[in-house]
file entry.cif (mmCIF, C-alpha atoms and all ligand atoms)
data_start
#
loop_
_atom_site.label_atom_id
_atom_site.label_comp_id
_atom_site.auth_asym_id
_atom_site.auth_seq_id
_atom_site.Cartn_x
_atom_site.Cartn_y
_atom_site.Cartn_z
CA MET Y 1 172.53 10.02 119.88
CA LYS Y 2 173.99 9.59 123.30
CA MET Y 3 172.42 6.76 125.10
CA ARG Y 4 173.60 6.09 128.57
CA MET Y 5 174.07 2.47 129.54
CA SER Y 6 171.54 2.87 132.32
CA ARG Y 7 168.84 3.23 129.71
CA LEU Y 8 169.29 -0.29 128.49
CA PRO Y 9 167.58 -2.09 131.35
CA HIS Y 10 164.67 0.26 130.92
CA LEU Y 11 164.43 -0.61 127.28
CA ALA Y 12 164.64 -4.27 128.12
CA ILE Y 13 161.89 -3.86 130.67
CA PHE Y 14 159.83 -1.98 128.14
CA PHE Y 15 160.17 -4.67 125.53
CA PHE Y 16 159.50 -7.38 128.07
CA ALA Y 17 156.35 -5.59 129.21
CA ALA Y 18 155.29 -5.02 125.65
CA SER Y 19 155.69 -8.70 124.86
CA VAL Y 20 153.72 -9.75 127.89
CA HIS Y 21 151.06 -7.27 126.95
CA LEU Y 22 150.92 -8.58 123.40
CA LEU Y 23 150.79 -12.13 124.61
CA LEU Y 24 147.97 -11.37 127.02
CA PHE Y 25 146.15 -9.43 124.38
CA SER Y 26 146.39 -12.31 121.97
CA ILE Y 27 145.07 -14.89 124.39
CA CYS Y 28 142.43 -12.72 126.01
CA PRO Y 29 139.30 -12.74 123.88
CA VAL Y 30 137.62 -9.81 125.55
CA SER Y 31 138.20 -6.14 125.13
CA SER Y 32 135.80 -4.16 127.23
CA ARG Y 33 134.95 -0.89 128.87
CA ILE Y 34 133.12 -0.54 132.14
CA TYR Y 35 131.93 2.87 133.22
CA ARG Y 36 129.09 4.68 134.87
CA THR Y 37 126.72 7.38 133.80
CA ASN Y 38 124.55 9.39 136.17
CA ASP Y 39 121.96 6.62 136.28
CA ALA Y 40 123.53 3.43 134.99
CA VAL Y 41 126.48 1.08 134.97
CA VAL Y 42 127.57 0.30 131.42
CA ILE Y 43 129.66 -2.67 130.33
CA GLU Y 44 130.64 -2.75 126.68
CA VAL Y 45 132.20 -5.83 125.16
CA ASP Y 46 133.89 -5.65 121.78
CA ASP Y 47 133.27 -8.11 119.06
CA VAL Y 48 136.08 -10.55 118.51
CA ARG Y 49 137.02 -11.34 114.96
CA PRO Y 50 140.34 -13.12 114.92
CA SER Y 51 141.50 -12.61 111.37
CA THR Y 52 142.59 -16.19 110.85
CA PHE Y 53 139.09 -17.35 111.64
CA ALA Y 54 137.18 -14.46 110.20
CA ASN Y 55 136.14 -16.19 107.04
CA ARG Y 56 135.51 -19.57 108.49
CA ASN Y 57 132.09 -20.99 108.83
CA PHE Y 58 131.65 -22.02 112.44
CA ALA Y 59 128.65 -24.06 111.56
CA ASN Y 60 126.78 -26.11 114.04
CA PRO Y 61 127.76 -28.52 115.43
CA ALA Y 62 131.51 -28.30 114.98
CA PRO Y 63 133.23 -26.99 118.09
CA ILE Y 64 135.80 -24.30 117.49
CA PRO Y 65 139.45 -24.82 118.21
CA MET Y 66 140.01 -21.69 120.24
CA MET Y 67 143.74 -21.62 119.98
CA TYR Y 68 144.02 -17.93 120.50
CA ALA Y 69 141.49 -17.61 123.26
CA VAL Y 70 140.91 -18.66 126.79
CA ASN Y 71 138.47 -21.44 126.34
CA PRO Y 72 135.40 -20.61 128.39
CA TYR Y 73 134.10 -24.09 128.00
CA THR Y 74 136.80 -25.69 130.06
CA ILE Y 75 137.22 -22.85 132.51
CA LEU Y 76 133.62 -22.00 133.26
CA LEU Y 77 132.14 -25.36 132.66
CA SER Y 78 130.55 -26.41 135.90
CA GLN Y 79 128.28 -28.99 134.38
CA PRO Y 80 128.05 -30.73 131.05
CA TYR Y 81 125.82 -29.08 128.56
CA SER Y 82 124.92 -30.06 125.07
CA ASN Y 83 123.11 -27.13 123.70
CA PHE Y 84 125.00 -23.99 124.51
CA PRO Y 85 125.93 -22.28 121.26
CA PHE Y 86 129.60 -22.77 120.93
CA TRP Y 87 130.71 -19.37 119.89
CA PRO Y 88 128.51 -16.47 120.74
CA TYR Y 89 129.56 -14.21 117.94
CA PRO Y 90 127.95 -13.19 114.68
CA LEU Y 91 130.11 -15.55 112.70
CA TYR Y 92 128.25 -18.40 114.29
CA GLN Y 93 125.89 -19.81 111.70
CA GLN Y 94 122.40 -20.67 112.74
CA PRO Y 95 121.25 -24.09 111.75
CA ALA Y 96 118.48 -23.65 109.22
CA SER Y 97 115.76 -24.57 111.67
CA SER Y 98 113.19 -21.88 111.09
CA SER Y 99 110.40 -22.25 108.64
CA VAL Y 100 109.13 -18.83 109.65
CA PRO Y 101 109.72 -16.30 106.92
CA ASP Y 102 111.33 -13.05 107.99
CA VAL Y 103 109.09 -10.11 107.36
CA GLU Y 104 109.89 -6.49 108.02
CA ASP Y 105 106.58 -5.58 109.53
CA VAL Y 106 105.21 -7.59 112.40
CA ALA Y 107 101.86 -5.96 111.83
CA ALA Y 108 101.47 -8.47 109.04
CA THR Y 109 101.95 -11.50 111.24
CA SER Y 110 98.56 -12.06 112.79
CA SER Y 111 95.09 -11.24 111.59
CA GLU Y 112 94.44 -9.44 114.84
CA SER Y 113 97.51 -7.30 114.63
CA LYS Y 114 96.84 -6.67 110.97
CA GLN Y 115 93.45 -5.26 111.80
CA GLN Y 116 94.81 -3.11 114.55
CA LYS Y 117 98.01 -2.23 112.75
CA ILE Y 118 100.01 -2.94 115.84
CA ASN Y 119 103.68 -3.50 115.47
CA CYS Y 120 104.34 -4.56 119.01
CA GLY Y 121 102.76 -6.91 121.49
CA VAL Y 122 101.83 -9.71 119.11
CA GLY Y 123 100.68 -12.71 121.10
CA PRO Y 124 97.79 -15.00 121.91
CA PRO Y 125 94.31 -13.46 121.59
CA SER Y 126 93.70 -13.65 125.32
CA PRO Y 127 95.46 -14.51 128.60
CA PRO Y 128 96.42 -18.18 128.93
CA GLN Y 129 93.50 -20.36 130.03
CA ARG Y 130 93.27 -20.55 133.76
CA SER Y 131 91.78 -24.00 133.83
CA LEU Y 132 94.68 -25.95 132.36
CA PRO Y 133 95.81 -28.30 135.11
CA VAL Y 134 99.32 -28.61 133.73
CA ALA Y 135 102.45 -27.96 135.71
CA ALA Y 136 104.20 -24.86 134.48
CA ILE Y 137 106.20 -21.75 135.27
CA VAL Y 138 104.60 -22.58 138.61
CA GLY Y 139 101.08 -23.77 137.98
CA GLY Y 140 100.84 -22.85 134.32
CA SER Y 141 100.81 -24.50 130.93
CA GLU Y 142 103.07 -25.04 127.96
CA ALA Y 143 102.95 -22.06 125.65
CA ILE Y 144 101.99 -22.64 122.03
CA PRO Y 145 105.40 -22.58 120.31
CA ASN Y 146 106.35 -19.05 119.27
CA SER Y 147 103.07 -17.58 120.46
CA TRP Y 148 104.94 -15.03 122.56
CA PRO Y 149 107.32 -13.64 119.95
CA PHE Y 150 108.88 -11.07 122.30
CA ILE Y 151 110.25 -13.52 124.87
CA ALA Y 152 114.03 -13.87 125.03
CA GLY Y 153 116.10 -16.54 126.78
CA LEU Y 154 119.48 -15.52 128.20
CA ARG Y 155 122.29 -18.03 128.38
CA ILE Y 156 125.84 -17.99 129.60
CA ALA Y 157 128.76 -20.38 129.14
CA GLY Y 158 128.76 -23.13 131.71
CA ARG Y 159 125.02 -23.42 132.17
CA SER Y 160 122.90 -25.84 130.26
CA SER Y 161 119.68 -23.89 130.56
CA VAL Y 162 118.38 -20.38 130.25
CA PHE Y 163 119.40 -18.45 133.39
CA CYS Y 164 117.07 -15.51 132.91
CA GLY Y 165 114.36 -14.24 130.63
CA GLY Y 166 114.12 -10.97 128.76
CA SER Y 167 111.93 -9.25 126.21
CA ILE Y 168 112.51 -7.71 122.81
CA ILE Y 169 111.93 -3.95 122.89
CA SER Y 170 113.71 -3.02 119.64
CA PRO Y 171 115.76 -4.77 116.94
CA THR Y 172 118.86 -4.22 119.08
CA ARG Y 173 117.59 -4.10 122.65
CA ILE Y 174 116.46 -6.63 125.24
CA LEU Y 175 114.83 -5.58 128.48
CA THR Y 176 115.74 -7.70 131.50
CA ALA Y 177 116.39 -7.49 135.25
CA ALA Y 178 119.50 -5.90 136.75
CA HIS Y 179 119.98 -8.89 139.07
CA CYS Y 180 120.37 -11.13 136.02
CA VAL Y 181 123.53 -9.35 134.89
CA GLU Y 182 124.79 -7.32 137.82
CA LYS Y 183 127.37 -9.84 139.00
CA MET Y 184 128.80 -10.51 135.56
CA SER Y 185 132.30 -9.72 134.45
CA ALA Y 186 132.98 -8.47 130.94
CA PHE Y 187 134.29 -11.93 130.24
CA ASN Y 188 131.03 -13.53 131.42
CA ILE Y 189 129.15 -11.14 129.18
CA SER Y 190 131.32 -12.10 126.23
CA THR Y 191 130.09 -15.67 126.63
CA MET Y 192 126.46 -14.62 126.93
CA THR Y 193 123.90 -15.30 124.24
CA VAL Y 194 120.31 -14.25 123.71
CA ASN Y 195 117.97 -16.80 122.17
CA LEU Y 196 114.97 -15.46 120.25
CA GLY Y 197 112.06 -17.31 118.73
CA MET Y 198 112.79 -20.23 121.02
CA HIS Y 199 110.34 -22.71 122.49
CA ASN Y 200 112.39 -25.72 123.53
CA GLN Y 201 115.37 -24.56 125.53
CA THR Y 202 116.83 -28.04 125.94
CA GLY Y 203 116.99 -28.68 122.24
CA ASN Y 204 117.54 -24.97 121.63
CA ASP Y 205 115.18 -24.43 118.71
CA ALA Y 206 115.84 -20.67 118.72
CA ASP Y 207 115.32 -18.90 115.43
CA HIS Y 208 118.06 -16.43 116.24
CA THR Y 209 120.99 -16.30 118.61
CA ARG Y 210 122.75 -13.06 119.35
CA ARG Y 211 125.80 -11.99 121.31
CA VAL Y 212 125.53 -9.18 123.83
CA SER Y 213 127.68 -6.18 123.03
CA ARG Y 214 126.52 -3.97 125.89
CA VAL Y 215 124.92 -4.42 129.28
CA VAL Y 216 123.39 -1.43 131.04
CA TYR Y 217 121.84 -1.81 134.45
CA HIS Y 218 120.35 0.73 136.81
CA ILE Y 219 123.00 2.39 138.92
CA ALA Y 220 120.77 2.27 141.99
CA TYR Y 221 120.04 -1.45 141.71
CA ASN Y 222 120.22 -2.87 145.20
CA ALA Y 223 120.53 -6.62 145.65
CA ASN Y 224 119.36 -6.44 149.26
CA THR Y 225 116.19 -4.50 148.65
CA ASN Y 226 115.62 -5.59 145.02
CA GLN Y 227 114.98 -1.98 144.08
CA ASN Y 228 115.73 -0.67 140.58
CA ASP Y 229 115.87 -4.17 139.12
CA VAL Y 230 116.06 -3.10 135.48
CA ALA Y 231 118.64 -3.58 132.72
CA VAL Y 232 118.88 -3.13 128.95
CA LEU Y 233 121.06 -5.36 126.77
CA THR Y 234 122.29 -4.47 123.32
CA ILE Y 235 122.33 -7.45 121.00
CA ASP Y 236 124.53 -7.81 117.96
CA PRO Y 237 123.79 -7.95 115.10
CA PRO Y 238 120.27 -6.42 115.03
CA ILE Y 239 117.36 -8.75 114.45
CA VAL Y 240 114.82 -8.70 111.64
CA TYR Y 241 111.33 -9.19 113.02
CA SER Y 242 109.36 -12.20 111.93
CA ALA Y 243 106.27 -14.11 112.94
CA ALA Y 244 108.24 -15.73 115.76
CA VAL Y 245 110.36 -12.73 116.76
CA SER Y 246 108.87 -9.29 117.40
CA PRO Y 247 108.81 -6.63 120.11
CA VAL Y 248 106.54 -6.19 123.11
CA CYS Y 249 104.67 -2.91 123.67
CA LEU Y 250 105.80 -0.69 126.52
CA PRO Y 251 103.53 1.46 128.68
CA ARG Y 252 103.95 5.21 128.86
CA ALA Y 253 106.19 6.58 131.58
CA SER Y 254 104.22 6.84 134.80
CA SER Y 255 104.85 6.64 138.49
CA ALA Y 256 101.15 6.15 139.15
CA VAL Y 257 100.79 3.17 141.39
CA ASP Y 258 98.04 0.60 140.73
CA GLN Y 259 97.27 1.70 137.17
CA PHE Y 260 97.14 -1.99 136.18
CA ALA Y 261 95.80 -3.39 139.47
CA GLY Y 262 93.00 -5.90 139.03
CA LYS Y 263 94.05 -6.80 135.50
CA ASP Y 264 94.80 -10.29 134.29
CA ALA Y 265 98.41 -10.60 133.25
CA ALA Y 266 100.40 -13.28 131.47
CA ILE Y 267 103.72 -14.47 132.86
CA MET Y 268 106.08 -16.68 130.90
CA GLY Y 269 109.52 -18.21 131.06
CA TRP Y 270 111.75 -21.26 131.18
CA GLY Y 271 112.08 -21.00 134.97
CA ARG Y 272 111.43 -23.60 137.63
CA GLU Y 273 108.02 -25.22 137.83
CA ASN Y 274 108.33 -25.52 141.55
CA GLU Y 275 110.17 -23.69 144.28
CA ASN Y 276 112.28 -26.75 145.05
CA ASP Y 277 112.88 -28.01 141.55
CA THR Y 278 116.45 -28.19 140.40
CA ILE Y 279 115.77 -28.86 136.74
CA PRO Y 280 113.86 -26.34 134.66
CA PRO Y 281 111.28 -27.33 132.04
CA ASP Y 282 112.29 -28.04 128.44
CA VAL Y 283 109.71 -25.72 126.95
CA LEU Y 284 108.37 -22.21 127.46
CA LYS Y 285 105.71 -22.08 130.14
CA GLN Y 286 103.01 -19.50 130.72
CA ALA Y 287 100.35 -18.69 133.28
CA THR Y 288 97.77 -16.06 134.04
CA VAL Y 289 98.00 -14.10 137.26
CA GLN Y 290 96.27 -11.00 138.55
CA ILE Y 291 97.95 -7.71 139.35
CA ILE Y 292 97.16 -6.81 142.95
CA PRO Y 293 97.01 -3.41 144.63
CA ASN Y 294 100.45 -2.27 145.70
CA ALA Y 295 99.29 -1.73 149.28
CA ASP Y 296 98.26 -5.40 149.54
CA CYS Y 297 101.69 -6.44 148.38
CA LYS Y 298 103.35 -4.10 150.89
CA THR Y 299 101.37 -5.81 153.63
CA GLN Y 300 102.29 -9.28 152.41
CA TYR Y 301 105.99 -8.56 152.40
CA ALA Y 302 105.98 -6.63 155.69
CA VAL Y 303 105.47 -9.79 157.72
CA GLY Y 304 108.06 -10.90 160.24
CA GLY Y 305 110.82 -13.04 158.82
CA VAL Y 306 110.42 -11.53 155.37
CA GLU Y 307 110.29 -7.77 155.99
CA MET Y 308 110.90 -6.66 152.46
CA GLU Y 309 109.81 -3.19 151.49
CA ILE Y 310 107.67 -2.99 148.38
CA THR Y 311 107.75 0.44 146.77
CA ASN Y 312 105.94 2.32 144.02
CA GLN Y 313 108.55 1.24 141.49
CA GLN Y 314 107.29 -2.32 141.80
CA LEU Y 315 104.10 -4.15 141.02
CA CYS Y 316 102.90 -7.47 142.31
CA ALA Y 317 100.83 -10.23 140.79
CA SER Y 318 99.49 -13.52 142.05
CA ALA Y 319 97.00 -16.32 141.57
CA ASP Y 320 96.36 -19.53 143.41
CA GLY Y 321 99.32 -21.80 142.79
CA ARG Y 322 100.64 -19.74 139.92
CA ASP Y 323 103.77 -17.62 139.93
CA THR Y 324 107.07 -16.92 138.28
CA CYS Y 325 110.01 -18.74 139.85
CA GLN Y 326 113.81 -19.04 139.70
CA GLY Y 327 114.94 -18.68 136.12
CA ASP Y 328 111.97 -16.58 135.03
CA SER Y 329 113.65 -13.40 136.23
CA GLY Y 330 114.13 -10.66 133.70
CA GLY Y 331 111.19 -11.96 131.71
CA PRO Y 332 108.04 -9.98 131.02
CA ILE Y 333 104.65 -9.81 132.70
CA VAL Y 334 102.22 -8.52 130.10
CA VAL Y 335 98.64 -7.26 129.96
CA GLN Y 336 96.25 -6.34 127.20
CA ALA Y 337 95.95 -2.68 128.04
CA GLY Y 338 93.32 -0.28 126.80
CA SER Y 339 91.16 -1.45 123.96
CA THR Y 340 93.72 -3.43 121.94
CA THR Y 341 94.66 -7.06 122.17
CA ALA Y 342 98.33 -6.08 121.90
CA TRP Y 343 100.45 -7.18 124.84
CA THR Y 344 102.04 -4.45 126.90
CA GLN Y 345 104.85 -5.27 129.29
CA VAL Y 346 103.98 -3.81 132.66
CA GLY Y 347 106.68 -5.51 134.69
CA ILE Y 348 110.03 -7.29 134.74
CA THR Y 349 110.18 -10.51 136.79
CA SER Y 350 112.20 -9.59 139.86
CA PHE Y 351 111.69 -11.62 143.03
CA GLY Y 352 109.35 -13.37 145.40
CA ASN Y 353 109.29 -15.11 148.74
CA GLY Y 354 109.65 -18.62 147.44
CA CYS Y 355 107.36 -19.30 144.49
CA ALA Y 356 103.56 -19.43 144.45
CA LYS Y 357 103.42 -19.41 148.25
CA PRO Y 358 99.97 -18.53 149.51
CA ASN Y 359 99.93 -14.90 150.66
CA PHE Y 360 103.00 -13.94 148.69
CA ALA Y 361 102.66 -12.39 145.28
CA GLY Y 362 105.43 -12.32 142.69
CA VAL Y 363 107.18 -8.95 142.56
CA TYR Y 364 108.01 -7.18 139.31
CA ALA Y 365 109.90 -4.00 138.47
CA SER Y 366 107.38 -1.56 137.02
CA VAL Y 367 108.12 -0.79 133.38
CA ALA Y 368 106.01 2.40 133.42
CA PHE Y 369 108.02 3.62 136.40
CA PHE Y 370 111.34 3.00 134.63
CA ARG Y 371 110.16 3.93 131.16
CA ASN Y 372 112.30 7.08 130.91
CA TRP Y 373 115.39 5.21 132.06
CA ILE Y 374 114.61 2.44 129.57
CA ASN Y 375 114.16 5.00 126.78
CA THR Y 376 117.56 6.50 127.50
CA TYR Y 377 119.36 3.19 126.97
CA MET Y 378 117.03 2.00 124.26
CA ASN Y 379 117.87 4.97 122.09
CA SER Y 380 121.54 5.42 122.79
N1 LIG H 1 114.61 -13.98 141.34
C1 LIG H 1 114.08 -15.02 140.51
C2 LIG H 1 115.02 -15.31 139.35
O1 LIG H 1 116.17 -14.93 139.41
C3 LIG H 1 112.71 -14.74 140.08
C4 LIG H 1 111.82 -15.01 141.19
C5 LIG H 1 110.41 -14.71 140.95
N2 LIG H 1 109.80 -15.29 142.09
C6 LIG H 1 108.52 -15.25 142.37
N3 LIG H 1 108.08 -15.89 143.36
N4 LIG H 1 107.70 -14.57 141.62
O2 LIG H 1 114.71 -16.01 138.43
#

call {"tool": "encode", "arguments": {"input": "entry.cif", "output": "structure tokens"}}
result
Amino acid sequence: MKMRMSRLPHLAIFFFAASVHLLLFSICPVSSRIYRTNDAVVIEVDDVRPSTFANRNFANPAPIPMMYAVNPYTILLSQPYSNFPFWPYPLYQQPASSSVPDVEDVAATSSESKQQKINCGVGPPSPPQRSLPVAAIVGGSEAIPNSWPFIAGLRIAGRSSVFCGGSIISPTRILTAAHCVEKMSAFNISTMTVNLGMHNQTGNDADHTRRVSRVVYHIAYNANTNQNDVAVLTIDPPIVYSAAVSPVCLPRASSAVDQFAGKDAAIMGWGRENENDTIPPDVLKQATVQIIPNADCKTQYAVGGVEMEITNQQLCASADGRDTCQGDSGGPIVVQAGSTTAWTQVGITSFGNGCAKPNFAGVYASVAFFRNWINTYMNS
């Protein structure tokens, strides 16, 4: 073995680099891949199971000494929060808050759904009452706790409240809006949690909390035009459906515009109750709005000063003084389609000109339009 002296510095550099790498690896909690497919951007975030902690019970409410990790709570904390789950990984133990028994088949959860043998779209028997004069989503009412079992609340470290909504479409998938996740780094995503079976976001009475192991958003999402505002999250571990947690129905793929126009639709979320509010409501709010013809919406948004193009991949819904608002994004707008009382998600809350402004409907990404895209990332 002849080793020239000049090799030594190289070896030294190699070992130095290796040490730095190891050090970084040991303090960085996130291992991720970010890549694109022909129609999506995919961000995968590995689970983190530090062996020394693997068997520990990170039970609520003890905070975790994150000696090996960058502590997101000091770095990203922009405001105090009391209810963010401390450690968004499967080891986190849910407080035993739910009295709802887990059942495999959601068809068994309501008499209506039992009769109709539906396994998706469980919800109230009819759209929320229009007459309730209670402040809400904007102009809505408080939902009956757990009456919309497919609603999901998305949280991220550093924010005390839900930042976006979503909906359960399978035991491992949440449908939401691309604009909810598009700006996130893999590290942000590693601090993200999905709350299911939740009513009170302030007290966080969620039945289940999940980490997000993959974010997929539409590759053609455009933040300026709000087009292609669709994303699918993979949650980990999978959920078992129960009376308070079950999937929404999805419409068949279709680019037909106006197939739901004129229908009453329910909107729901933990978003602002007023355009200018800074604090969101504690509890899930709901309201009934009407889906309007796409052409009417195009006209509304074509006005000077707004000039936003509404396309066939969107649908719009409005009602006097009622609308989704900031924080409701990503959440579902649902109708009782066909002859069943099951709730079908026709849109994903996307944007609006202010909230509940007269002459401006709320705009939603059409689920039927994106159904094939959704299927791709729902099934793989
Ligand atoms: N972009 C908003 C969000 O991020 C949703 C806005 C819905 N606005 C409306 N007027 N319908 O939460």

call {"tool": "closest_residue", "arguments": {"input": "entry.cif", "among": "Y:Gln336, Y:Asn200, Y:Asn379, Y:Ser170", "to": "Pro280 (chain Y)", "atoms": "all atoms listed in the file"}}
result
Y:Asn200

call {"tool": "closest_atom_pairs", "arguments": {"input": "entry.cif", "of": "chain Y", "to": "ligand LIG 1 (chain H)", "cutoff": "9 Å", "atoms": "all atoms listed in the file", "output": "CSV"}}
result
residue,atom,partner,partner_atom,distance
Y:Val138,CA,H:LIG1,N3,8.9
Y:Phe163,CA,H:LIG1,O2,7.3
Y:Cys164,CA,H:LIG1,O2,6.0
Y:Gly165,CA,H:LIG1,O2,8.0
Y:Ala177,CA,H:LIG1,O1,8.5
Y:His179,CA,H:LIG1,O1,7.1
Y:Cys180,CA,H:LIG1,O1,6.6
Y:Gly271,CA,H:LIG1,O2,6.6
Y:Arg272,CA,H:LIG1,O2,8.3
Y:Glu275,CA,H:LIG1,N3,8.1
Y:Cys316,CA,H:LIG1,N4,8.6
Y:Ala317,CA,H:LIG1,N4,8.2
Y:Ser318,CA,H:LIG1,N4,8.3
Y:Arg322,CA,H:LIG1,N4,8.9
Y:Asp323,CA,H:LIG1,N4,5.3
Y:Thr324,CA,H:LIG1,N4,4.1
Y:Cys325,CA,H:LIG1,N2,4.1
Y:Gln326,CA,H:LIG1,O2,3.4
Y:Gly327,CA,H:LIG1,O2,3.5
Y:Asp328,CA,H:LIG1,O2,4.4
Y:Ser329,CA,H:LIG1,O2,3.6
Y:Gly330,CA,H:LIG1,O2,7.2
Y:Gly331,CA,H:LIG1,O2,8.6
Y:Thr349,CA,H:LIG1,C5,5.9
Y:Ser350,CA,H:LIG1,C3,5.2
Y:Phe351,CA,H:LIG1,C4,3.9
Y:Gly352,CA,H:LIG1,N3,3.5
Y:Asn353,CA,H:LIG1,N3,5.6
Y:Gly354,CA,H:LIG1,N3,5.2
Y:Cys355,CA,H:LIG1,N3,3.7
Y:Ala356,CA,H:LIG1,N3,5.8
Y:Lys357,CA,H:LIG1,N3,7.6
Y:Phe360,CA,H:LIG1,N3,7.6
Y:Ala361,CA,H:LIG1,N4,6.6
Y:Gly362,CA,H:LIG1,N4,3.4
Y:Val363,CA,H:LIG1,N4,5.7
Y:Tyr364,CA,H:LIG1,N4,7.7

call {"tool": "residues_around", "arguments": {"input": "entry.cif", "residues": "region 139-142 of chain Y", "least_positions_apart": "5", "cutoff": "12 Å", "atoms": "only C-alpha atoms", "output": "PyMOL selection string"}}
result
chain Y and resi 127-134+147-148+199-200+266-275+281-289+318-325+355-357

call {"tool": "residues_near_point", "arguments": {"input": "entry.cif", "point": "(120.7, -22.5, 126.4)", "cutoff": "8 Å", "atoms": "only C-alpha atoms", "output": "MDAnalysis selection string"}}
result
chainID Y and resid 83:85 153:156 159:162 195 201:202 204

call {"tool": "atom_distance", "arguments": {"input": "entry.cif", "atom1": "CA of Ile348 (chain Y)", "atom2": "CA of Ser185 (chain Y)"}}
result
22.4 Å

call {"tool": "closest_residue", "arguments": {"input": "entry.cif", "among": "Y:Gly197, Y:Pro237, Y:Gly304, Y:Gly123", "to": "Arg173 (chain Y)", "atoms": "all atoms listed in the file"}}
result
Y:Pro237

call {"tool": "atom_distance", "arguments": {"input": "entry.cif", "atom1": "CA of Gln300 (chain Y)", "atom2": "CA of Ile151 (chain Y)"}}
result
29.0 Å

call {"tool": "atom_distance", "arguments": {"input": "entry.cif", "atom1": "CA of Ile333 (chain Y)", "atom2": "CA of Gln345 (chain Y)"}}
result
5.7 Å

call {"tool": "residues_around", "arguments": {"input": "entry.cif", "residues": "Leu233 (chain Y)", "least_positions_apart": "5", "cutoff": "8 Å", "atoms": "only C-alpha atoms", "output": "PyMOL selection string"}}
result
chain Y and resi 173-176+212-216

call {"tool": "closest_residue", "arguments": {"input": "entry.cif", "among": "Y:Val335, Y:Pro293, Y:Asn359, Y:Thr225", "to": "Glu309 (chain Y)", "atoms": "only C-alpha atoms"}}
result
Y:Thr225

call {"tool": "residues_around", "arguments": {"input": "entry.cif", "residues": "Thr172 (chain Y)", "least_positions_apart": "4", "cutoff": "9 Å", "atoms": "only C-alpha atoms", "output": "list of chain:residue names"}}
result
Y:Ile168, Y:Leu233, Y:Thr234, Y:Ile235, Y:Asp236, Y:Pro237, Y:Pro238, Y:Ile239, Y:Met378

call {"tool": "axis_aligned_box", "arguments": {"input": "entry.cif", "around": "region 210-216 of chain Y", "padding_each_side": "8 Å", "output": "AutoDock Vina command-line options"}}
result
--center_x 125.2 --center_y -7.2 --center_z 125.2 --size_x 20.9 --size_y 27.6 --size_z 27.7

call {"tool": "residues_around", "arguments": {"input": "entry.cif", "residues": "Leu250 (chain Y)", "least_positions_apart": "3", "cutoff": "10 Å", "atoms": "all atoms listed in the file", "output": "JSON, numbers by chain"}}
result
{"Y": [120, 121, 169, 247, 253, 334, 343, 344, 345, 346, 347, 367, 368, 371, 374]}

call {"tool": "closest_residue", "arguments": {"input": "entry.cif", "among": "Y:Val230, Y:Ala186, Y:Ala302, Y:Ile144", "to": "Phe369 (chain Y)", "atoms": "only C-alpha atoms"}}
result
Y:Val230

call {"tool": "closest_residue", "arguments": {"input": "entry.cif", "among": "Y:Thr191, Y:Ile219, Y:His10, Y:Asp229", "to": "Tyr35 (chain Y)", "atoms": "all atoms listed in the file"}}
result
Y:Ile219

call {"tool": "closest_residue", "arguments": {"input": "entry.cif", "among": "Y:Ser242, Y:Val42, Y:Pro358, Y:Glu182", "to": "Tyr301 (chain Y)", "atoms": "only C-alpha atoms"}}
result
Y:Pro358
